[in-house]
Amino acid sequence: MAETVHLKGKDLLGMRALSPAETELILDTAGGFRDVLKRDIKKVPTLRGKTLVNLFFEPSTRTRTSFELAAKRLSTDVINFSVSMSSVAKGESLIDTAATIQALGADFVVIRHPASGVPHLLSRRLRASVINAGDGTNEHPTQALLDAFTIRERKGRVEGLRIAIVGDILHSRVARSNIHCLRSLGAEIRLIGPPTLIPGEFVQPGVQVFYSMDEGLEGADVVMMLRIQMERQDRGFFPTTDEYFRLWGLTRERLRLARPDAVVMHPGPMNRGIEIDSGVADSPQSVILEQVTNGIAVRMAVLYLLSGRPQEARV
Ligand code: CP
């Protein structure tokens, strides 16, 4: 890393807040870290002496572990805060918990929470850099960044690509962040799914909505499948999971409607046989595990770029 360039804000709360130039900066920086991760010795001293706290109020495999690995590769200390074993279980408020974590010397607070807007609230109260690791149905910015990075690696560009995002758009913070990110980089977005899961707010310039999977997949360069969020289905958005798979599941036959060189993505965790056929998930066209690998480099880039800004008190 020859030159140090930084992001404008102290936090990463969502893709809405990033300019296309800032997004490109993160992706370019991640490219450098991807090279570091290919070396025999994958660790650099860049953020030695810093501390990152993972504060997850919802389950996670990929995001939590890849933030931990990203931080450790940069020589940053990591604390994985266990909500069930903490004073949160005794009724301590979120703000008091976060202020306590900061008092212990955290430089980065990575937060996942079931309520939209919680990272924004913490951002106003903490000196530490707050990174949104998924807030309710709102945003999951580092997922969108690693998706854009993966697309760029596979296709050489994002601009001009036809990207189909399929499934439970309504409940998906991944979809919201990806729509902002990929549109800002010049992609053509197609949203596909049942009308009950694609609300009107998504109809906007650069975004087309398809209720037919076959029509929506036509000529797609990228097919991004979304998890059906069973934990957020508070009413019947579709009759049965069998019916859902029949109409909107990605099968080998359906994938043939996309371009022959189309790549298949999924943020994980997958519901095999509900939104995606196992044969497709494990096919050569699938980049699902590459997405996971790229997440480390992208999160290293985010930590590195956020670390450069003077940490002023906000309270
Ligand atoms: N994509 C994603 O956020 O996965 P996890 O829930 O495992 O972190």
# chains A, B, ... in the order shown; residues from 1 in each chain; ligands from 1

$ residues_around --residues "segment 102-113 of chain A" --least-positions-apart "2" --cutoff "7 Å" --atoms "only C-alpha atoms" --output "list in words"
Lys50, Thr51, Leu52, Val53, Asn54, Leu55, Phe56, Phe57, Glu58, Ala98, Ala99, Thr100, Ala115, Val118, Pro119, Ala128, Ser129, Val130, Ile131, Asn132, Ala133, Gly134, Asp135 and Gly136 of chain A

$ closest_atom_pairs --of "chain A" --to "ligand 1" --cutoff "6 Å" --atoms "only C-alpha atoms and all ligand atoms" --output "tab-separated table"
residue	atom	partner	partner_atom_place_in_ligand_line	distance
A:Ser60	CA	ligand 1	8 (O)	3.8
A:Thr61	CA	ligand 1	7 (O)	3.5
A:Arg62	CA	ligand 1	7 (O)	3.9
A:Thr63	CA	ligand 1	8 (O)	3.7
A:Arg64	CA	ligand 1	8 (O)	5.9
A:Pro267	CA	ligand 1	1 (N)	4.2
A:Gly268	CA	ligand 1	1 (N)	4.8
A:Pro269	CA	ligand 1	4 (O)	5.8

$ closest_residue --among "A:Leu13, A:Leu146, A:Met225, A:Val207" --to "Ser123 of chain A" --atoms "only C-alpha atoms"
A:Leu13

$ select_by_dssp --residues "segment 51-221 of chain A" --states "strand (DSSP E)" --output "ChimeraX atom specification"
/A:51-56,77-81,108-113,129-135,162-166,188-192,207-210

$ closest_residue --among "A:Leu47, A:Ala258, A:Leu289, A:Val263" --to "Val222 of chain A" --atoms "only C-alpha atoms"
A:Val263

$ residues_around --residues "segment 19-27 of chain A" --least-positions-apart "5" --cutoff "12 Å" --atoms "only C-alpha atoms" --output "PyMOL selection string"
chain A and resi 3-9+12+14+32-34+141-142+144-153+157-159+177-178+180-186+294-295+297-306

$ closest_residue --among "A:Val88, A:Met270, A:Leu69, A:Val174" --to "Leu37 of chain A" --atoms "only C-alpha atoms"
A:Leu69

$ closest_residue --among "A:Ala175, A:Ala89, A:Thr137, A:Ile296" --to "Lys42 of chain A" --atoms "only C-alpha atoms"
A:Ile296

$ closest_residue --among "A:Ile274, A:Ile95, A:Ala281, A:Ala30" --to "Arg124 of chain A" --atoms "only C-alpha atoms"
A:Ile95

$ closest_residue --among "A:Glu139, A:Arg252, A:Val166, A:Gly273" --to "Ala17 of chain A" --atoms "only C-alpha atoms"
A:Glu139

$ closest_atom_pairs --of "segment 93-187 of chain A" --to "segment 194-201 of chain A" --cutoff "7 Å" --atoms "only C-alpha atoms" --output "JSON lines"
{"residue": "A:Asp168", "atom": "CA", "partner": "A:Leu197", "partner_atom": "CA", "distance": 5.4}
{"residue": "A:Ile169", "atom": "CA", "partner": "A:Ile198", "partner_atom": "CA", "distance": 5.6}
{"residue": "A:Leu170", "atom": "CA", "partner": "A:Leu197", "partner_atom": "CA", "distance": 4.9}

$ atom_distance --atom1 "atom CA of Ala187 of chain A" --atom2 "atom CA of Leu257 of chain A"
18.9 Å

$ residues_around --residues "Gly279 of chain A" --least-positions-apart "6" --cutoff "12 Å" --atoms "only C-alpha atoms" --output "VMD selection string"
chain A and resid 250 to 253 255 264 272 to 273 285 to 286
